[in-house]
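J.: Contents of my_file-v5.cif (mmCIF, N, CA and C atoms) are given next:
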```cif
data_structure
loop_
_atom_site.label_atom_id
_atom_site.label_comp_id
_atom_site.auth_asym_id
_atom_site.auth_seq_id
_atom_site.Cartn_x
_atom_site.Cartn_y
_atom_site.Cartn_z
N MET A 314 3.58 -11.42 -9.50
CA MET A 314 2.71 -11.91 -8.47
C MET A 314 3.14 -13.30 -8.00
N ARG A 315 3.97 -13.98 -8.77
CA ARG A 315 4.73 -15.16 -8.40
C ARG A 315 4.10 -16.10 -7.40
N ASN A 316 3.00 -16.71 -7.76
CA ASN A 316 2.35 -17.74 -6.94
C ASN A 316 2.10 -17.31 -5.50
N CYS A 317 1.92 -16.06 -5.29
CA CYS A 317 1.58 -15.64 -3.93
C CYS A 317 0.33 -14.77 -3.98
N CYS A 318 -0.34 -14.77 -2.92
CA CYS A 318 -1.55 -13.96 -2.82
C CYS A 318 -1.16 -12.62 -2.23
N LEU A 319 -1.57 -11.55 -2.87
CA LEU A 319 -1.24 -10.23 -2.35
C LEU A 319 -2.40 -9.70 -1.51
N LEU A 320 -2.09 -9.24 -0.34
CA LEU A 320 -3.07 -8.60 0.49
C LEU A 320 -2.97 -7.12 0.20
N LEU A 321 -4.05 -6.52 -0.23
CA LEU A 321 -4.03 -5.13 -0.62
C LEU A 321 -4.96 -4.32 0.26
N VAL A 322 -4.46 -3.29 0.78
CA VAL A 322 -5.27 -2.44 1.64
C VAL A 322 -5.08 -1.00 1.21
N VAL A 323 -6.18 -0.31 1.01
CA VAL A 323 -6.12 1.09 0.62
C VAL A 323 -6.55 1.92 1.81
N ALA A 324 -5.78 2.94 2.14
CA ALA A 324 -6.13 3.83 3.24
C ALA A 324 -5.73 5.24 2.91
N VAL A 325 -6.46 6.18 3.39
CA VAL A 325 -6.10 7.58 3.24
C VAL A 325 -5.52 8.02 4.57
N LEU A 326 -4.37 8.69 4.52
CA LEU A 326 -3.66 9.07 5.73
C LEU A 326 -3.57 10.58 5.82
N LEU A 327 -3.93 11.14 6.96
CA LEU A 327 -3.77 12.57 7.19
C LEU A 327 -2.32 12.86 7.57
N LEU A 328 -1.89 14.08 7.38
CA LEU A 328 -0.51 14.44 7.71
C LEU A 328 -0.18 14.14 9.17
N SER A 329 -1.17 14.18 10.02
CA SER A 329 -0.92 13.90 11.43
C SER A 329 -0.69 12.42 11.70
N GLY A 330 -0.93 11.59 10.69
CA GLY A 330 -0.74 10.16 10.86
C GLY A 330 -2.00 9.43 11.32
N VAL A 331 -3.11 10.14 11.37
CA VAL A 331 -4.37 9.54 11.77
C VAL A 331 -5.16 9.19 10.51
N THR A 332 -5.70 7.99 10.46
CA THR A 332 -6.46 7.61 9.28
C THR A 332 -7.82 8.30 9.31
N THR A 333 -8.37 8.49 8.14
CA THR A 333 -9.68 9.10 8.02
C THR A 333 -10.64 8.08 7.42
N VAL A 334 -11.92 8.29 7.62
CA VAL A 334 -12.91 7.37 7.10
C VAL A 334 -13.25 7.73 5.66
N VAL A 335 -13.16 6.75 4.77
CA VAL A 335 -13.49 6.94 3.36
C VAL A 335 -14.70 6.06 3.09
N ALA A 336 -15.78 6.65 2.66
CA ALA A 336 -17.02 5.92 2.36
C ALA A 336 -17.43 5.03 3.53
N GLY A 337 -17.27 5.52 4.75
CA GLY A 337 -17.72 4.78 5.92
C GLY A 337 -16.74 3.75 6.45
N ASP A 338 -15.61 3.54 5.81
CA ASP A 338 -14.66 2.52 6.23
C ASP A 338 -13.24 3.03 6.01
N PRO A 339 -12.39 3.05 7.06
CA PRO A 339 -11.04 3.58 6.90
C PRO A 339 -10.13 2.70 6.04
N PHE A 340 -10.42 1.41 5.95
CA PHE A 340 -9.59 0.49 5.18
C PHE A 340 -10.47 -0.29 4.22
N VAL A 341 -9.96 -0.48 3.02
CA VAL A 341 -10.69 -1.23 2.01
C VAL A 341 -9.74 -2.27 1.43
N VAL A 342 -10.18 -3.52 1.37
CA VAL A 342 -9.39 -4.59 0.76
C VAL A 342 -9.81 -4.67 -0.70
N ILE A 343 -8.82 -4.69 -1.59
CA ILE A 343 -9.10 -4.81 -3.02
C ILE A 343 -8.37 -6.02 -3.57
N ASN A 344 -8.78 -6.45 -4.77
CA ASN A 344 -8.10 -7.59 -5.39
C ASN A 344 -7.17 -7.09 -6.49
N SER A 345 -6.45 -8.01 -7.12
CA SER A 345 -5.45 -7.63 -8.11
C SER A 345 -6.06 -6.98 -9.35
N VAL A 346 -7.29 -7.36 -9.71
CA VAL A 346 -7.95 -6.75 -10.86
C VAL A 346 -8.26 -5.28 -10.58
N GLU A 347 -8.75 -5.00 -9.36
CA GLU A 347 -9.03 -3.61 -8.98
C GLU A 347 -7.75 -2.79 -8.92
N LEU A 348 -6.68 -3.39 -8.40
CA LEU A 348 -5.40 -2.69 -8.35
C LEU A 348 -4.90 -2.36 -9.75
N LYS A 349 -4.96 -3.32 -10.65
CA LYS A 349 -4.50 -3.07 -12.02
C LYS A 349 -5.30 -1.95 -12.66
N ALA A 350 -6.60 -1.90 -12.42
CA ALA A 350 -7.44 -0.83 -12.96
C ALA A 350 -7.01 0.53 -12.40
N MET A 351 -6.69 0.58 -11.11
CA MET A 351 -6.24 1.83 -10.49
C MET A 351 -4.93 2.29 -11.11
N ILE A 352 -4.01 1.36 -11.32
CA ILE A 352 -2.72 1.69 -11.91
C ILE A 352 -2.90 2.13 -13.36
N ASP A 353 -3.72 1.39 -14.11
CA ASP A 353 -3.94 1.70 -15.53
C ASP A 353 -4.55 3.08 -15.74
N ARG A 354 -5.41 3.49 -14.83
CA ARG A 354 -6.04 4.81 -15.00
C ARG A 354 -5.28 5.92 -14.27
N ASN A 355 -4.07 5.58 -13.80
CA ASN A 355 -3.23 6.56 -13.09
C ASN A 355 -4.01 7.25 -11.98
N GLU A 356 -4.58 6.44 -11.11
CA GLU A 356 -5.38 6.93 -9.97
C GLU A 356 -4.66 8.07 -9.27
N PRO A 357 -5.30 9.24 -9.19
CA PRO A 357 -4.67 10.38 -8.52
C PRO A 357 -4.35 10.07 -7.05
N GLY A 358 -3.15 10.41 -6.63
CA GLY A 358 -2.75 10.25 -5.25
C GLY A 358 -2.38 8.84 -4.82
N LEU A 359 -2.36 7.89 -5.76
CA LEU A 359 -2.06 6.49 -5.41
C LEU A 359 -0.58 6.32 -5.09
N ILE A 360 -0.31 5.76 -3.93
CA ILE A 360 1.06 5.44 -3.51
C ILE A 360 1.09 3.98 -3.11
N LEU A 361 1.87 3.17 -3.82
CA LEU A 361 2.00 1.75 -3.53
C LEU A 361 3.13 1.53 -2.54
N VAL A 362 2.85 0.80 -1.47
CA VAL A 362 3.85 0.53 -0.44
C VAL A 362 3.99 -0.98 -0.28
N ASP A 363 5.16 -1.49 -0.63
CA ASP A 363 5.49 -2.91 -0.49
C ASP A 363 6.05 -3.09 0.92
N THR A 364 5.32 -3.82 1.78
CA THR A 364 5.73 -3.96 3.17
C THR A 364 6.51 -5.24 3.44
N ARG A 365 6.90 -5.95 2.38
CA ARG A 365 7.73 -7.15 2.54
C ARG A 365 9.16 -6.74 2.85
N SER A 366 10.01 -7.70 3.12
CA SER A 366 11.41 -7.39 3.38
C SER A 366 12.05 -6.78 2.12
N TYR A 367 13.16 -6.07 2.30
CA TYR A 367 13.81 -5.45 1.16
C TYR A 367 14.29 -6.51 0.16
N GLY A 368 14.71 -7.66 0.65
CA GLY A 368 15.14 -8.75 -0.24
C GLY A 368 14.00 -9.23 -1.12
N GLU A 369 12.82 -9.38 -0.53
CA GLU A 369 11.65 -9.79 -1.31
C GLU A 369 11.29 -8.71 -2.34
N TYR A 370 11.40 -7.46 -1.94
CA TYR A 370 11.13 -6.34 -2.85
C TYR A 370 12.10 -6.39 -4.02
N GLN A 371 13.39 -6.62 -3.74
CA GLN A 371 14.40 -6.68 -4.79
C GLN A 371 14.11 -7.82 -5.77
N GLU A 372 13.59 -8.92 -5.26
CA GLU A 372 13.31 -10.09 -6.09
C GLU A 372 12.20 -9.78 -7.10
N ALA A 373 11.16 -9.13 -6.66
CA ALA A 373 10.03 -8.78 -7.54
C ALA A 373 9.12 -7.81 -6.80
N HIS A 374 8.63 -6.81 -7.50
CA HIS A 374 7.69 -5.86 -6.91
C HIS A 374 6.87 -5.19 -8.01
N ILE A 375 5.81 -4.53 -7.61
CA ILE A 375 4.98 -3.79 -8.56
C ILE A 375 5.74 -2.54 -8.95
N LYS A 376 5.82 -2.28 -10.24
CA LYS A 376 6.54 -1.11 -10.75
C LYS A 376 6.04 0.16 -10.07
N GLY A 377 6.98 0.94 -9.56
CA GLY A 377 6.65 2.20 -8.91
C GLY A 377 6.38 2.10 -7.42
N ALA A 378 6.34 0.89 -6.87
CA ALA A 378 6.07 0.71 -5.44
C ALA A 378 7.28 1.13 -4.61
N LEU A 379 6.99 1.68 -3.44
CA LEU A 379 8.03 2.04 -2.47
C LEU A 379 8.28 0.83 -1.57
N SER A 380 9.51 0.61 -1.20
CA SER A 380 9.83 -0.47 -0.27
C SER A 380 9.92 0.12 1.13
N ILE A 381 8.92 -0.20 1.95
CA ILE A 381 8.93 0.20 3.36
C ILE A 381 8.53 -1.04 4.16
N PRO A 382 9.52 -1.85 4.57
CA PRO A 382 9.21 -3.09 5.30
C PRO A 382 8.35 -2.84 6.54
N TRP A 383 7.47 -3.79 6.82
CA TRP A 383 6.55 -3.66 7.95
C TRP A 383 7.30 -3.37 9.25
N ALA A 384 8.43 -4.03 9.46
CA ALA A 384 9.20 -3.80 10.70
C ALA A 384 9.62 -2.34 10.81
N SER A 385 9.96 -1.72 9.69
CA SER A 385 10.33 -0.30 9.69
C SER A 385 9.14 0.58 10.03
N LEU A 386 7.97 0.22 9.52
CA LEU A 386 6.75 0.98 9.81
C LEU A 386 6.39 0.92 11.28
N GLU A 387 6.59 -0.26 11.87
CA GLU A 387 6.29 -0.41 13.30
C GLU A 387 7.22 0.46 14.15
N LYS A 388 8.49 0.55 13.75
CA LYS A 388 9.46 1.34 14.50
C LYS A 388 9.28 2.83 14.27
N ASP A 389 8.92 3.22 13.03
CA ASP A 389 8.83 4.64 12.70
C ASP A 389 7.67 4.91 11.74
N PRO A 390 6.44 5.03 12.28
CA PRO A 390 5.28 5.27 11.43
C PRO A 390 5.34 6.61 10.69
N SER A 391 6.22 7.50 11.11
CA SER A 391 6.32 8.80 10.43
C SER A 391 6.86 8.65 9.01
N THR A 392 7.32 7.45 8.67
CA THR A 392 7.76 7.15 7.30
C THR A 392 6.61 7.40 6.32
N LEU A 393 5.39 7.30 6.81
CA LEU A 393 4.20 7.47 5.97
C LEU A 393 3.69 8.91 5.98
N ASN A 394 4.59 9.85 5.94
CA ASN A 394 4.23 11.26 5.96
C ASN A 394 3.97 11.72 4.52
N PHE A 395 2.77 11.43 4.03
CA PHE A 395 2.37 11.80 2.68
C PHE A 395 1.23 12.81 2.75
N PRO A 396 0.97 13.53 1.68
CA PRO A 396 -0.16 14.48 1.69
C PRO A 396 -1.46 13.78 2.06
N LYS A 397 -2.36 14.52 2.73
CA LYS A 397 -3.59 13.91 3.24
C LYS A 397 -4.49 13.34 2.15
N GLU A 398 -4.36 13.83 0.93
CA GLU A 398 -5.19 13.30 -0.16
C GLU A 398 -4.63 12.03 -0.78
N SER A 399 -3.48 11.57 -0.28
CA SER A 399 -2.86 10.35 -0.80
C SER A 399 -3.72 9.13 -0.52
N LYS A 400 -3.67 8.19 -1.44
CA LYS A 400 -4.32 6.89 -1.26
C LYS A 400 -3.21 5.87 -1.12
N LEU A 401 -2.94 5.48 0.12
CA LEU A 401 -1.86 4.54 0.38
C LEU A 401 -2.38 3.13 0.19
N LEU A 402 -1.68 2.38 -0.63
CA LEU A 402 -2.04 0.99 -0.87
C LEU A 402 -0.88 0.13 -0.42
N PHE A 403 -1.12 -0.68 0.60
CA PHE A 403 -0.10 -1.54 1.17
C PHE A 403 -0.28 -2.94 0.63
N TYR A 404 0.85 -3.58 0.30
CA TYR A 404 0.75 -4.99 -0.07
C TYR A 404 1.92 -5.75 0.51
N CYS A 405 1.64 -7.05 0.75
CA CYS A 405 2.64 -7.93 1.32
C CYS A 405 2.34 -9.34 0.82
N THR A 406 3.18 -10.27 1.19
CA THR A 406 2.91 -11.66 0.86
C THR A 406 1.82 -12.12 1.81
N GLY A 407 0.76 -12.65 1.27
CA GLY A 407 -0.35 -13.13 2.10
C GLY A 407 -0.43 -14.63 2.05
N SER A 408 -1.32 -15.17 2.80
CA SER A 408 -1.53 -16.62 2.74
C SER A 408 -2.64 -16.92 1.75
N SER A 409 -2.57 -18.10 1.15
CA SER A 409 -3.58 -18.45 0.15
C SER A 409 -4.74 -19.19 0.74
#
```
Do you think you could lay out the structure here as structure tokens?
T.:
Amino acid sequence: MRNCCLLLVVAVLLLSGVTTVVAGDPFVVINSVELKAMIDRNEPGLILVDTRSYGEYQEAHIKGALSIPWASLEKDPSTLNFPKESKLLFYCTGSS
């Protein structure tokens, strides 16, 4: 976590690429304690996506996270073609 604040967003994505509403809200912000609990309990369908640059990912990342830089997502959102029951969790370097 290296002295940076992680912005964490959990979203469920349909195969069509349209987000769905989960508990009344399509996006949920969680903190590092909640994330660790999800990882520790092997949350079904959890997919971690590190949206920082590949260099930042190489320097340090959460074990098991996929490196999909934000710029790549903007150019090709189809990169997020996961099963509809997936829980996509995006993280990046945030401001403190």
J.: Please report, as a VMD selection string, each residue of range 346-375 of chain A to which DSSP assigns alpha helix (DSSP H) when run on this structure's backbone.
T.: chain A and resid 346 to 353 367 to 372
J.: Go ahead and compute the interatomic distance for CA of Lys349 in chain A and CA of Ile375 in chain A, in Å to one decimal.
T.: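 So the answer is 10.1 Å.
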J.: Which residues are close to Pro382 in chain A, i.e. within 7 Å by only N, CA and C atoms, leaving aside same-chain residues fewer than 5 positions away? Reply as a PyMOL selection string.
T.: chain A and resi 363-367+387
J.: Could you tell me how far CA of Pro357 in chain A lies from CA of Phe395 in chain A, in Å and to one decimal?
T.: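 CA of Phe395 in chain A lies at a distance of 13.3 Å from CA of Pro357 in chain A.
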J.: With distances taken over only C-alpha atoms, which residue among A:Glu347, A:Gly377, A:Leu393, A:Cys405 lies nearest Leu361 in chain A?
T.: A:Gly377
J.: Calculated over only C-alpha atoms, which of the candidates A:Lys400, A:Thr406, A:Ile360, A:Gln371 has the smallest distance to Pro339 in chain A?
T.: A:Lys400
J.: Enclose all atoms of range 366-381 of chain A listed in the file in an axis-aligned box, grow every side by 4 Å, and hand back centre and edge lengths in Å to one decimal, as JSON.
T.:
```
{"center_x": 10.1, "center_y": -3.9, "center_z": -3.3, "size_x": 18.2, "size_y": 20.3, "size_z": 22.9}
```
J.: Between atom N of Val362 in chain A and atom N of Lys376 in chain A, what is the spacing in Å?
T.: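 Atom-to-atom, atom N of Lys376 in chain A to atom N of Val362 in chain A, that is 9.8 Å.
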J.: Can you write range 367-402 of chain A from the block above with C-alpha atoms, as a short mmCIF file (atom, residue, chain, number, x, y, z; two decimals), in the first residue's frame?
T.:
```
data_model
loop_
_atom_site.label_atom_id
_atom_site.label_comp_id
_atom_site.auth_asym_id
_atom_site.auth_seq_id
_atom_site.Cartn_x
_atom_site.Cartn_y
_atom_site.Cartn_z
CA TYR A 367 1.99 -1.09 -15.90
CA GLY A 368 5.19 0.29 -14.33
CA GLU A 369 3.36 1.09 -11.10
CA TYR A 370 1.79 -2.38 -11.17
CA GLN A 371 5.24 -3.96 -11.60
CA GLU A 372 6.56 -1.97 -8.63
CA ALA A 373 3.86 -3.22 -6.25
CA HIS A 374 0.33 -4.60 -6.52
CA ILE A 375 -2.23 -6.66 -4.65
CA LYS A 376 -1.53 -10.36 -5.17
CA GLY A 377 -3.77 -11.77 -7.88
CA ALA A 378 -4.76 -8.37 -9.33
CA LEU A 379 -4.96 -7.92 -13.10
CA SER A 380 -3.10 -5.00 -14.64
CA ILE A 381 -5.47 -3.08 -16.91
CA PRO A 382 -4.31 0.57 -17.05
CA TRP A 383 -7.09 3.16 -17.10
CA ALA A 384 -5.94 4.46 -20.49
CA SER A 385 -6.43 0.95 -21.92
CA LEU A 386 -9.93 0.75 -20.43
CA GLU A 387 -10.86 4.06 -22.01
CA LYS A 388 -9.69 2.86 -25.43
CA ASP A 389 -11.17 -0.64 -25.18
CA PRO A 390 -13.81 -1.22 -22.48
CA SER A 391 -14.38 -4.73 -23.87
CA THR A 392 -11.29 -5.69 -21.85
CA LEU A 393 -13.76 -6.07 -18.98
CA ASN A 394 -15.62 -8.96 -20.56
CA PHE A 395 -16.16 -11.05 -17.42
CA PRO A 396 -19.12 -13.21 -16.36
CA LYS A 397 -22.10 -11.15 -15.20
CA GLU A 398 -21.82 -12.48 -11.64
CA SER A 399 -18.27 -11.09 -11.33
CA LYS A 400 -17.53 -8.46 -8.71
CA LEU A 401 -15.03 -6.13 -10.31
CA LEU A 402 -12.93 -4.18 -7.86
#
```
